[in-house]
file model.cif (mmCIF, C-alpha atoms)
data_input
#
loop_
_atom_site.label_atom_id
_atom_site.label_comp_id
_atom_site.auth_asym_id
_atom_site.auth_seq_id
_atom_site.Cartn_x
_atom_site.Cartn_y
_atom_site.Cartn_z
CA ASN A 1 6.45 -23.00 29.42
CA LYS A 2 9.47 -24.95 30.69
CA ASP A 3 11.27 -24.73 27.34
CA VAL A 4 11.13 -20.93 27.35
CA GLU A 5 12.29 -20.79 30.97
CA ASP A 6 15.37 -22.84 30.05
CA ARG A 7 16.25 -20.44 27.24
CA ILE A 8 15.49 -17.16 29.04
CA GLU A 9 17.03 -16.20 32.38
CA ILE A 10 15.27 -13.35 34.19
CA GLU A 11 17.42 -10.97 36.23
CA ILE A 12 15.50 -8.58 38.49
CA GLU A 13 17.09 -5.14 38.88
CA ASN A 14 16.22 -2.98 41.90
CA ASP A 15 15.22 0.40 40.43
CA THR A 16 14.53 2.04 43.83
CA PRO A 17 16.77 5.13 44.32
CA PRO A 18 19.75 4.32 46.56
CA GLU A 19 18.76 6.94 49.17
CA ASP A 20 15.32 5.30 49.56
CA ARG A 21 16.44 1.70 49.82
CA GLY A 22 16.02 -0.11 53.13
CA ARG A 23 13.59 2.47 54.51
CA GLU A 24 10.94 0.85 56.70
CA PRO A 25 7.52 2.58 57.02
CA LEU A 26 6.28 3.74 60.41
CA PRO A 27 4.05 1.33 62.33
CA LYS A 28 0.36 1.74 61.55
CA ASP A 29 -0.60 2.49 65.15
CA LEU A 30 1.94 5.33 65.29
CA VAL A 31 0.67 6.73 61.98
CA LYS A 32 -2.90 6.64 63.30
CA GLU A 33 -1.83 8.40 66.50
CA LEU A 34 -0.13 11.17 64.51
CA GLU A 35 -3.21 11.67 62.34
CA GLU A 36 -5.55 11.98 65.36
CA ASP A 37 -3.24 14.19 67.43
CA GLU A 38 -4.93 17.58 68.01
CA LEU A 39 -1.63 19.23 69.00
CA GLU A 40 -3.20 20.87 72.09
CA GLU A 41 -0.09 20.61 74.23
CA TYR A 42 2.12 22.61 71.82
CA SER A 43 2.53 26.36 71.40
CA ASP A 44 0.77 28.23 68.61
CA LYS A 45 3.96 28.53 66.57
CA VAL A 46 4.70 24.82 66.86
CA LYS A 47 1.07 24.00 66.10
CA THR A 48 1.20 26.08 62.94
CA ARG A 49 4.39 24.40 61.77
CA LEU A 50 3.10 20.89 62.58
CA LYS A 51 -0.16 21.60 60.74
CA GLN A 52 1.82 22.75 57.73
CA MET A 53 3.88 19.55 57.84
CA LYS A 54 0.68 17.50 58.16
CA LYS A 55 -0.75 19.30 55.12
CA VAL A 56 2.38 18.42 53.14
CA TRP A 57 1.90 14.86 54.29
CA HIS A 58 -1.71 14.74 53.06
CA ASP A 59 -0.75 16.42 49.79
CA GLU A 60 1.77 13.66 49.14
CA ARG A 61 -0.82 11.04 50.10
CA ARG A 62 -3.37 12.47 47.66
CA GLU A 63 -0.72 12.64 44.91
CA LYS A 64 0.18 9.03 45.58
CA GLU A 65 -3.46 7.94 45.42
CA ARG A 66 -3.91 9.83 42.15
CA ALA A 67 -0.83 8.12 40.67
CA LEU A 68 -2.14 4.74 41.80
CA ARG A 69 -5.49 5.40 40.13
CA GLU A 70 -3.75 6.38 36.90
CA GLN A 71 -1.55 3.31 37.13
CA GLN A 72 -4.57 1.07 37.62
CA ALA A 73 -6.26 2.68 34.62
CA ALA A 74 -3.12 2.06 32.56
CA LEU A 75 -3.05 -1.56 33.68
CA ASP A 76 -6.71 -1.99 32.74
CA MET A 77 -6.04 -0.51 29.32
CA ALA A 78 -2.99 -2.72 28.84
CA GLN A 79 -5.03 -5.77 29.84
CA GLN A 80 -7.66 -4.80 27.28
CA LEU A 81 -4.99 -4.39 24.60
CA GLN A 82 -3.57 -7.77 25.51
CA ASN A 83 -6.97 -9.40 25.04
CA GLU A 84 -7.33 -7.68 21.67
CA ILE A 85 -3.88 -8.94 20.64
CA ARG A 86 -4.93 -12.51 21.50
CA GLN A 87 -8.04 -12.12 19.35
CA LEU A 88 -6.03 -10.61 16.47
CA ARG A 89 -3.51 -13.44 16.60
CA SER A 90 -6.32 -15.96 16.43
CA ARG A 91 -7.84 -14.13 13.46
CA VAL A 92 -4.46 -13.93 11.70
CA THR A 93 -3.99 -17.69 11.97
CA GLU A 94 -7.52 -18.35 10.72
CA ASN A 95 -7.34 -15.83 7.86
CA GLU A 96 -3.92 -17.08 6.81
CA GLY A 97 -5.35 -20.56 6.38
CA HIS A 98 -8.16 -19.17 4.21
CA LEU A 99 -5.66 -17.20 2.11
CA VAL A 100 -3.52 -20.29 1.53
CA ASN A 101 -6.57 -22.28 0.43
CA THR A 102 -7.68 -19.49 -1.91
CA ALA A 103 -4.21 -19.15 -3.41
CA THR A 104 -3.97 -22.94 -3.86
CA ASN A 105 -7.27 -23.03 -5.75
CA ALA A 106 -6.15 -20.14 -7.97
CA VAL A 107 -2.82 -21.81 -8.79
CA GLU A 108 -4.56 -25.12 -9.55
CA LEU A 109 -6.79 -23.25 -12.01
CA GLU A 110 -3.70 -21.64 -13.60
CA LEU A 111 -2.13 -25.09 -13.87
CA GLN A 112 -5.17 -26.44 -15.71
CA ASN A 113 -5.16 -23.49 -18.11
CA ALA A 114 -1.42 -23.90 -18.73
CA GLU A 115 -1.86 -27.61 -19.50
CA LYS A 116 -4.66 -26.78 -21.91
CA ALA A 117 -2.57 -24.09 -23.63
CA TYR A 118 0.38 -26.49 -23.89
CA LYS A 119 -1.74 -29.15 -25.57
CA GLU A 120 -3.21 -26.63 -28.03
CA ALA A 121 0.23 -25.25 -28.90
CA TYR A 122 1.62 -28.77 -29.33
CA GLU A 123 -1.21 -29.78 -31.66
CA ALA A 124 -0.86 -26.53 -33.64
CA GLY A 125 2.92 -26.89 -33.89
CA ASP A 126 3.50 -23.33 -32.64
CA SER A 127 6.92 -23.39 -30.96
CA ASP A 128 6.63 -19.90 -29.46
CA LYS A 129 3.33 -20.64 -27.76
CA LEU A 130 4.67 -24.03 -26.71
CA LEU A 131 7.60 -22.41 -24.90
CA GLU A 132 5.34 -19.84 -23.26
CA ALA A 133 2.91 -22.53 -22.12
CA ASN A 134 5.77 -24.65 -20.79
CA LYS A 135 7.07 -21.69 -18.78
CA GLN A 136 3.61 -21.02 -17.32
CA LEU A 137 3.21 -24.71 -16.53
CA ASN A 138 6.52 -24.90 -14.67
CA ASP A 139 5.77 -21.69 -12.79
CA ALA A 140 2.32 -22.89 -11.70
CA THR A 141 3.69 -26.29 -10.67
CA PHE A 142 6.43 -24.70 -8.57
CA ARG A 143 4.02 -22.30 -6.83
CA LEU A 144 1.57 -25.13 -6.15
CA GLN A 145 4.32 -27.18 -4.48
CA ARG A 146 5.31 -24.19 -2.36
CA LEU A 147 1.72 -23.60 -1.26
CA LYS A 148 1.08 -27.25 -0.40
CA GLY A 149 4.27 -27.36 1.65
CA TYR A 150 3.55 -24.09 3.46
CA LYS A 151 2.63 -24.27 7.13
CA PRO A 152 1.33 -21.13 8.87
CA PRO A 153 3.54 -20.11 11.82
CA VAL A 154 2.13 -20.95 15.22
CA GLN A 155 1.15 -17.81 17.11
CA PRO A 156 2.75 -17.59 20.61
CA GLN A 157 0.36 -18.16 23.48
CA GLU A 158 0.32 -16.09 26.63
CA ASN A 159 0.81 -17.98 29.88
CA GLY A 160 -0.36 -17.16 33.35
CA VAL A 161 2.08 -15.90 35.97
CA ASN A 162 3.33 -18.39 38.53
CA TYR A 163 6.31 -16.88 40.34
CA LEU A 164 6.03 -18.42 43.76
CA GLN A 165 6.27 -22.02 42.62
CA PRO A 166 9.86 -23.31 42.85
CA GLN A 167 11.23 -24.38 39.50
CA PRO A 168 13.14 -27.68 39.37
CA GLN A 169 16.76 -27.34 38.41
CA ALA A 170 17.96 -28.84 35.15
CA PRO A 171 19.67 -32.22 35.67
CA ARG A 172 23.44 -32.08 35.70
CA LEU A 173 25.17 -33.58 32.69
CA ASP A 174 27.51 -36.52 32.89
CA PRO A 175 31.18 -35.76 32.07
CA LYS A 176 30.92 -37.03 28.47
CA THR A 177 27.80 -35.03 27.66
CA ASP A 178 29.21 -31.96 29.37
CA SER A 179 32.40 -32.32 27.33
CA TRP A 180 30.39 -32.53 24.11
CA ARG A 181 28.31 -29.50 25.03
CA ARG A 182 31.35 -27.32 25.75
CA GLN A 183 33.36 -28.44 22.73
CA ASN A 184 30.71 -28.59 20.02
CA THR A 185 29.76 -25.37 18.30
CA TRP A 186 27.12 -26.27 15.71
CA PHE A 187 24.56 -27.96 17.99
CA GLY A 188 21.86 -25.40 18.73
CA SER A 189 23.17 -22.84 16.24
CA ASP A 190 22.81 -24.75 12.94
CA ASP A 191 19.12 -25.68 12.60
CA GLU A 192 19.63 -28.37 9.96
CA MET A 193 22.45 -30.19 11.76
CA THR A 194 20.70 -29.90 15.12
CA ALA A 195 17.45 -31.35 13.74
CA SER A 196 19.38 -34.18 12.10
CA ALA A 197 21.20 -34.97 15.35
CA LEU A 198 17.98 -34.96 17.40
CA GLY A 199 16.31 -37.21 14.83
CA LEU A 200 19.23 -39.63 15.05
CA HIS A 201 18.99 -39.53 18.86
CA GLN A 202 15.28 -40.46 18.76
CA LYS A 203 15.99 -43.27 16.31
CA LEU A 204 18.74 -44.77 18.49
CA ILE A 205 16.58 -44.58 21.63
CA ARG A 206 13.64 -46.17 19.80
CA GLU A 207 15.74 -49.03 18.40
CA LYS A 208 18.13 -49.71 21.29
CA GLY A 209 16.29 -48.40 24.36
CA GLN A 210 16.75 -45.54 26.83
CA SER A 211 19.73 -47.22 28.51
CA PHE A 212 21.72 -46.94 25.28
CA GLU A 213 21.86 -43.14 25.60
CA GLY A 214 25.26 -41.81 26.66
CA THR A 215 27.20 -45.01 26.06
CA ASP A 216 30.47 -45.05 24.11
CA GLU A 217 28.76 -46.82 21.21
CA TYR A 218 26.02 -44.17 21.22
CA TRP A 219 28.48 -41.30 20.81
CA GLU A 220 30.48 -43.23 18.21
CA ILE A 221 27.38 -43.81 16.05
CA VAL A 222 26.35 -40.15 16.38
CA ASP A 223 29.82 -38.93 15.41
CA LYS A 224 30.14 -41.18 12.37
CA THR A 225 26.62 -40.49 11.13
CA MET A 226 26.91 -36.71 11.44
CA ARG A 227 30.26 -36.66 9.64
CA LYS A 228 28.76 -38.80 6.90
CA ARG A 229 25.68 -36.58 6.51
CA PHE A 230 27.60 -33.30 6.59
CA PRO A 231 31.05 -33.92 5.07
CA GLU A 232 31.31 -30.27 4.00
CA TYR A 233 31.34 -29.09 7.62
CA GLU A 234 34.82 -28.27 8.96
CA TRP A 235 34.91 -30.75 11.83
CA GLY A 236 38.58 -30.15 12.61
CA ASP A 237 38.87 -33.13 14.95
CA GLU A 238 39.89 -36.77 14.93
CA PRO A 239 37.67 -39.64 13.74
CA ALA A 240 34.66 -40.69 15.79
CA GLU A 241 36.62 -43.21 17.93
CA THR A 242 38.15 -40.35 19.92
CA ALA A 243 34.80 -38.71 20.66
CA THR A 244 34.23 -40.81 23.80
CA LYS A 245 37.42 -39.71 25.56
CA PRO A 246 37.14 -37.48 28.67
CA ALA A 247 36.95 -33.74 28.29
CA GLN A 248 40.50 -33.05 29.48
CA ALA A 249 41.91 -35.21 26.69
CA ARG A 250 40.12 -33.27 23.94
CA THR A 251 40.03 -29.67 25.04
CA ASP A 252 41.23 -28.43 21.65
CA LYS A 253 38.81 -30.37 19.43
CA PRO A 254 35.09 -29.72 18.75
CA ALA A 255 32.59 -32.47 19.46
CA THR A 256 28.84 -33.07 19.50
CA VAL A 257 26.17 -33.32 22.16
CA VAL A 258 22.80 -34.93 21.52
CA ALA A 259 20.80 -34.90 24.72
CA PRO A 260 17.21 -33.65 24.75
CA VAL A 261 17.22 -33.11 28.51
CA SER A 262 20.01 -30.55 28.37
CA ARG A 263 20.84 -27.27 26.67
CA SER A 264 23.88 -26.74 24.45
CA THR A 265 24.01 -23.01 25.11
CA ALA A 266 23.62 -20.89 28.21
CA PRO A 267 20.23 -19.20 28.67
CA THR A 268 19.86 -15.67 27.35
CA LYS A 269 19.73 -13.12 30.16
CA VAL A 270 17.10 -10.37 30.08
CA ARG A 271 17.12 -7.65 32.74
CA LEU A 272 13.79 -6.46 34.22
CA LYS A 273 13.25 -3.74 36.79
CA ASP A 274 11.22 -4.23 39.96
CA SER A 275 8.50 -1.89 38.69
CA GLN A 276 8.32 -3.79 35.40
CA LEU A 277 8.05 -7.08 37.26
CA ALA A 278 5.25 -5.69 39.43
CA ILE A 279 3.27 -4.63 36.36
CA ILE A 280 3.86 -8.04 34.77
CA LYS A 281 2.44 -9.75 37.86
CA LYS A 282 -0.61 -7.47 37.96
CA MET A 283 -1.31 -8.03 34.27
CA GLY A 284 -0.98 -11.80 34.61
CA ILE A 285 1.78 -12.08 32.00
CA TRP A 286 4.40 -14.74 32.50
CA SER A 287 7.74 -12.95 32.83
CA ALA A 288 9.80 -15.41 30.77
CA GLN A 289 7.33 -15.25 27.90
CA MET A 290 7.34 -11.45 27.94
CA ALA A 291 11.13 -11.37 28.13
CA GLU A 292 11.40 -13.73 25.17
CA ASN A 293 9.01 -11.58 23.12
CA ARG A 294 11.04 -8.49 24.00
CA LEU A 295 14.30 -10.26 23.13
CA THR A 296 12.82 -11.53 19.85
CA ARG A 297 11.83 -8.01 18.82
CA ASP A 298 15.35 -6.74 19.54
CA VAL A 299 16.91 -9.53 17.48
CA GLU A 300 14.48 -8.97 14.60
CA ASN A 301 15.25 -5.24 14.58
CA ARG A 302 18.98 -5.92 14.49
CA GLU A 303 18.62 -8.45 11.68
CA ARG A 304 16.33 -6.12 9.73
CA SER A 305 18.84 -3.27 9.91
CA ALA A 306 21.92 -5.45 9.39
CA ARG A 307 21.65 -5.88 5.65
CA PRO A 308 18.86 -5.37 3.09
CA LYS A 309 17.41 -8.42 1.38
CA GLN A 310 16.40 -8.46 -2.25
CA TRP A 311 13.21 -10.07 -3.52
CA LYS A 312 13.55 -12.58 -6.33
CA ARG A 313 10.99 -14.03 -8.71
CA ALA A 314 10.09 -17.67 -8.12
CA ASP A 315 10.57 -18.60 -11.79
CA VAL A 316 14.17 -17.35 -11.83
CA LEU A 317 16.79 -20.04 -11.22
CA PRO A 318 19.05 -19.45 -8.21
CA GLU A 319 22.59 -18.21 -8.60
CA VAL A 320 25.36 -20.80 -8.83
CA GLU A 321 28.55 -20.35 -6.86
CA PRO A 322 31.66 -20.16 -9.11
CA MET A 323 33.49 -23.45 -9.63
CA PRO A 324 37.14 -22.89 -10.63
CA GLY A 325 37.95 -24.60 -13.92
CA TYR A 326 34.33 -25.40 -14.77
CA LYS A 327 31.37 -23.77 -16.51
CA PRO A 328 27.87 -24.42 -15.04
CA ARG A 329 24.68 -24.99 -17.02
CA TRP A 330 21.13 -26.13 -16.30
CA VAL A 331 20.28 -29.22 -18.39
CA ARG A 332 16.68 -30.27 -19.04
CA VAL A 333 15.98 -33.73 -17.61
CA ALA A 334 12.16 -33.61 -17.58
CA SER A 335 9.33 -31.72 -19.24
CA LEU A 336 5.72 -31.70 -18.04
CA GLY A 337 6.62 -34.28 -15.44
CA LYS A 338 8.03 -36.73 -18.03
CA ALA A 339 11.70 -37.68 -18.14
CA ASP A 340 13.79 -36.61 -21.13
CA PRO A 341 16.56 -39.25 -21.27
CA LYS A 342 17.49 -38.37 -24.86
CA ASN A 343 18.56 -34.84 -23.94
CA VAL A 344 20.34 -36.04 -20.79
CA SER A 345 22.27 -38.68 -22.74
CA ALA A 346 23.32 -36.15 -25.39
CA LYS A 347 24.63 -33.70 -22.79
CA LEU A 348 26.53 -36.39 -20.92
CA ARG A 349 28.19 -37.49 -24.17
CA GLU A 350 29.26 -33.89 -24.78
CA GLY A 351 31.12 -33.91 -21.47
CA TRP A 352 28.61 -32.39 -19.07
CA GLU A 353 28.51 -33.98 -15.63
CA PRO A 354 25.98 -33.41 -12.79
CA VAL A 355 27.07 -31.16 -9.92
CA ARG A 356 27.03 -32.81 -6.50
CA ILE A 357 25.23 -31.26 -3.53
CA GLU A 358 28.52 -30.85 -1.65
CA GLU A 359 29.78 -28.53 -4.40
CA GLN A 360 26.79 -26.15 -4.07
CA PRO A 361 25.58 -26.38 -0.43
CA ASN A 362 23.60 -23.13 -0.78
CA LEU A 363 21.20 -24.90 -3.19
CA LYS A 364 20.60 -27.89 -0.93
CA PHE A 365 17.20 -26.74 0.34
CA LEU A 366 16.01 -25.44 -3.06
CA ARG A 367 16.35 -28.71 -4.96
CA ASP A 368 13.45 -31.07 -5.63
CA GLU A 369 13.30 -33.64 -2.84
CA ASN A 370 11.66 -36.27 -5.07
CA SER A 371 14.29 -36.02 -7.80
CA ARG A 372 15.78 -39.25 -9.17
CA PHE A 373 19.17 -37.55 -8.96
CA LYS A 374 19.50 -37.95 -5.19
CA ASP A 375 23.07 -36.67 -4.86
CA ASN A 376 22.67 -33.84 -7.38
CA ILE A 377 20.65 -30.62 -7.75
CA GLU A 378 17.44 -30.66 -9.81
CA ILE A 379 15.02 -27.71 -9.82
CA ASP A 380 11.83 -27.70 -11.92
CA GLY A 381 13.06 -30.42 -14.27
CA LEU A 382 16.47 -28.78 -14.77
CA LEU A 383 19.65 -30.49 -13.57
CA LEU A 384 22.69 -28.41 -12.64
CA CYS A 385 25.71 -29.68 -14.60
CA LYS A 386 29.28 -28.56 -15.19
CA ILE A 387 31.91 -29.00 -17.89
CA PRO A 388 35.66 -28.25 -17.92
CA GLU A 389 36.52 -24.87 -19.42
CA GLU A 390 38.89 -26.46 -21.98
CA PHE A 391 35.94 -28.49 -23.28
CA VAL A 392 34.01 -25.24 -23.75
CA ASP A 393 36.87 -23.72 -25.74
CA GLN A 394 37.21 -26.84 -27.88
CA ARG A 395 33.46 -26.91 -28.49
CA SER A 396 33.44 -23.24 -29.54
CA ALA A 397 36.39 -23.79 -31.89
CA TYR A 398 34.67 -26.81 -33.43
CA PHE A 399 31.41 -25.03 -34.18
CA ASN A 400 33.25 -21.94 -35.44
CA LYS A 401 35.06 -24.19 -37.93
CA VAL A 402 31.78 -25.85 -38.94
CA ASN A 403 30.21 -22.45 -39.58
CA LYS A 404 33.20 -21.30 -41.63
CA ASP A 405 33.21 -24.49 -43.72
CA ASN A 406 29.50 -24.10 -44.40
CA MET A 407 29.93 -20.50 -45.52
CA ASP A 408 32.86 -21.45 -47.76
CA ALA A 409 30.79 -24.24 -49.30
CA VAL A 410 27.91 -21.87 -50.03
CA ASP A 411 30.25 -19.31 -51.60
CA SER A 412 31.96 -21.98 -53.73
CA ASN A 413 28.66 -23.36 -54.95
CA PHE A 414 27.44 -19.88 -55.80
CA MET A 415 30.58 -18.86 -57.71
CA ARG A 416 30.50 -22.10 -59.69
CA GLU A 417 27.71 -20.69 -61.83
CA SER A 418 29.78 -17.65 -62.83
CA ASP A 419 30.61 -17.18 -66.61
CA ALA A 420 33.21 -14.88 -68.12
CA ARG A 421 30.73 -13.61 -70.68
CA MET A 422 28.24 -12.76 -67.97
CA PRO A 423 30.08 -12.53 -64.65
CA LEU A 424 28.12 -12.48 -61.40
CA PHE A 425 30.30 -9.70 -60.09
CA ALA A 426 31.47 -7.27 -62.78
CA GLU A 427 32.78 -3.81 -62.22
CA LYS A 428 31.02 -1.19 -64.30
CA ARG A 429 32.20 2.31 -65.05
CA THR A 430 30.05 5.18 -66.20
CA LYS A 431 31.49 8.20 -67.97
CA VAL A 432 29.58 11.43 -68.26
CA SER A 433 30.63 14.14 -70.75
CA PHE A 434 29.21 17.58 -71.14
CA GLY A 435 29.01 19.26 -74.58
CA LYS A 436 29.06 22.91 -75.43
CA GLY A 437 25.78 24.65 -75.61
CA THR A 438 24.65 26.29 -78.86
#
call {"tool": "encode", "arguments": {"input": "model.cif", "output": "structure tokens"}}
result
Amino acid sequence: NKDVEDRIEIEIENDTPPEDRGREPLPKDLVKELEEDELEEYSDKVKTRLKQMKKVWHDERREKERALREQQAALDMAQQLQNEIRQLRSRVTENEGHLVNTATNAVELELQNAEKAYKEAYEAGDSDKLLEANKQLNDATFRLQRLKGYKPPVQPQENGVNYLQPQPQAPRLDPKTDSWRRQNTWFGSDDEMTASALGLHQKLIREKGQSFEGTDEYWEIVDKTMRKRFPEYEWGDEPAETATKPAQARTDKPATVVAPVSRSTAPTKVRLKDSQLAIIKKMGIWSAQMAENRLTRDVENRERSARPKQWKRADVLPEVEPMPGYKPRWVRVASLGKADPKNVSAKLREGWEPVRIEEQPNLKFLRDENSRFKDNIEIDGLLLCKIPEEFVDQRSAYFNKVNKDNMDAVDSNFMRESDARMPLFAEKRTKVSFGKGT
């Protein structure tokens, strides 16, 4: 896999002890001569010592052969486990597809039941059941959208080893592209911005041809478009016209690189020992793929232990970042898939205004993509709005006054029926006296 090789750099570490490095074995003919030597020309004492040394030699040989047999058995077992892992990965992908289909059918059934309950509650005029049915309907609709948009992750495939084939070097970048790669920080690290830039690159190549890539106009269009799409990003540089200047003229300003044939970041280095590399070759595992899997596990373990994540229910609206001077609120703009312009108009007349995506970037990927409020945030028929805090205080004071006036009117109307001969509120006193017993 060429893409993996570009991202992973393998460094082979010699794990042979320093005192044993560079030691050449004896020639085979000399070894054979030593094994067949009967030692007839030596004295008995020398013969005894040489035989003892030869025994030590054979003991080491037998120990080496035993270790090789155990190593081969371990390799066979590892190969068997690798085959089982391939089969399990295949089963996981297949079973996950079945689970998604089963869950989709179950949610569709819940959606039908919720629609039926909503209609029955509406016809019966039961507001409590109507609210409960509406909640179930929204929850089922949201889960159905999530399931239909879910794509099972592709299981990594093992590749055969091919170490002896020379790998072509990556083409060198032109000065402009190299300047962009060194100065830009978000390309390759921010998934959304990187995908947007690559999509723009493909569009420009498709419309203007391959020769358009790398021209001054190409970089100018990329710069302007990315700044327009992501105005909330702290670019910290000059307008797009300066993006095509040489690297030495812009060493203190970030820029962008959009070139599919190059890499924006240096490959990650993974260190393997000679013995590990030998086992990899015997098992037929491609070293870069194994190194990437090992690196991925290390990164996942670090991320898992970095900070705990908290599960949240799907029917709970996401948290809104504080907006100084404003109070947020979710305003209903649709119910059961039908727009509710009356409620929207009433809220807008009260002073509520929709919140723009730039004000709450953390909710950008949670909003409904098919919403008619393209520049705002709508989730499950609810539109995020805001109102100045002074409006909230004025509104509270107004309704407090209305409530007080209503209570005063009720009290006045009630006391109007009072008569002095038969007052509504009259204090009564009771006196108890005790007489003398007879």
call {"tool": "axis_aligned_box", "arguments": {"input": "model.cif", "around": "stretch 388-407 of chain A", "padding_each_side": "3 Å", "output": "AutoDock Vina command-line options"}}
result
--center_x 34.2 --center_y -24.5 --center_z -31.7 --size_x 15.4 --size_y 14.0 --size_z 33.6
call {"tool": "closest_residue", "arguments": {"input": "model.cif", "among": "A:Glu359, A:Glu120, A:Glu70, A:Glu13", "to": "A:Pro231", "atoms": "all atoms listed in the file"}}
result
A:Glu359
call {"tool": "residues_around", "arguments": {"input": "model.cif", "residues": "stretch 313-330 of chain A", "least_positions_apart": "4", "cutoff": "10 Å", "atoms": "only C-alpha atoms", "output": "count of residues only"}}
result
34
call {"tool": "residues_around", "arguments": {"input": "model.cif", "residues": "stretch 125-132 of chain A", "least_positions_apart": "6", "cutoff": "12 Å", "atoms": "only C-alpha atoms", "output": "PyMOL selection string"}}
result
chain A and resi 114-119+138-139+335-336
call {"tool": "closest_residue", "arguments": {"input": "model.cif", "among": "A:Asp375, A:Leu34, A:Gln79, A:Val222", "to": "A:Trp57", "atoms": "only C-alpha atoms"}}
result
A:Leu34
call {"tool": "atom_distance", "arguments": {"input": "model.cif", "atom1": "atom CA of A:Lys28", "atom2": "atom CA of A:Leu68"}}
result
20.1 Å
call {"tool": "resolve_selection", "arguments": {"input": "model.cif", "expression": "the PyMOL selection byres ((chain A and resi 107) around 10)", "output": "PyMOL selection string"}}
result
chain A and resi 101-106+108-113+139-145+147
call {"tool": "atom_distance", "arguments": {"input": "model.cif", "atom1": "atom CA of A:Val344", "atom2": "atom CA of A:Val331"}}
result
7.2 Å
call {"tool": "atom_distance", "arguments": {"input": "model.cif", "atom1": "atom CA of A:Glu94", "atom2": "atom CA of A:Phe365"}}
result
28.1 Å
call {"tool": "closest_residue", "arguments": {"input": "model.cif", "among": "A:Trp219, A:Phe212, A:Phe230, A:Phe399", "to": "A:Lys364", "atoms": "all atoms listed in the file"}}
result
A:Phe230
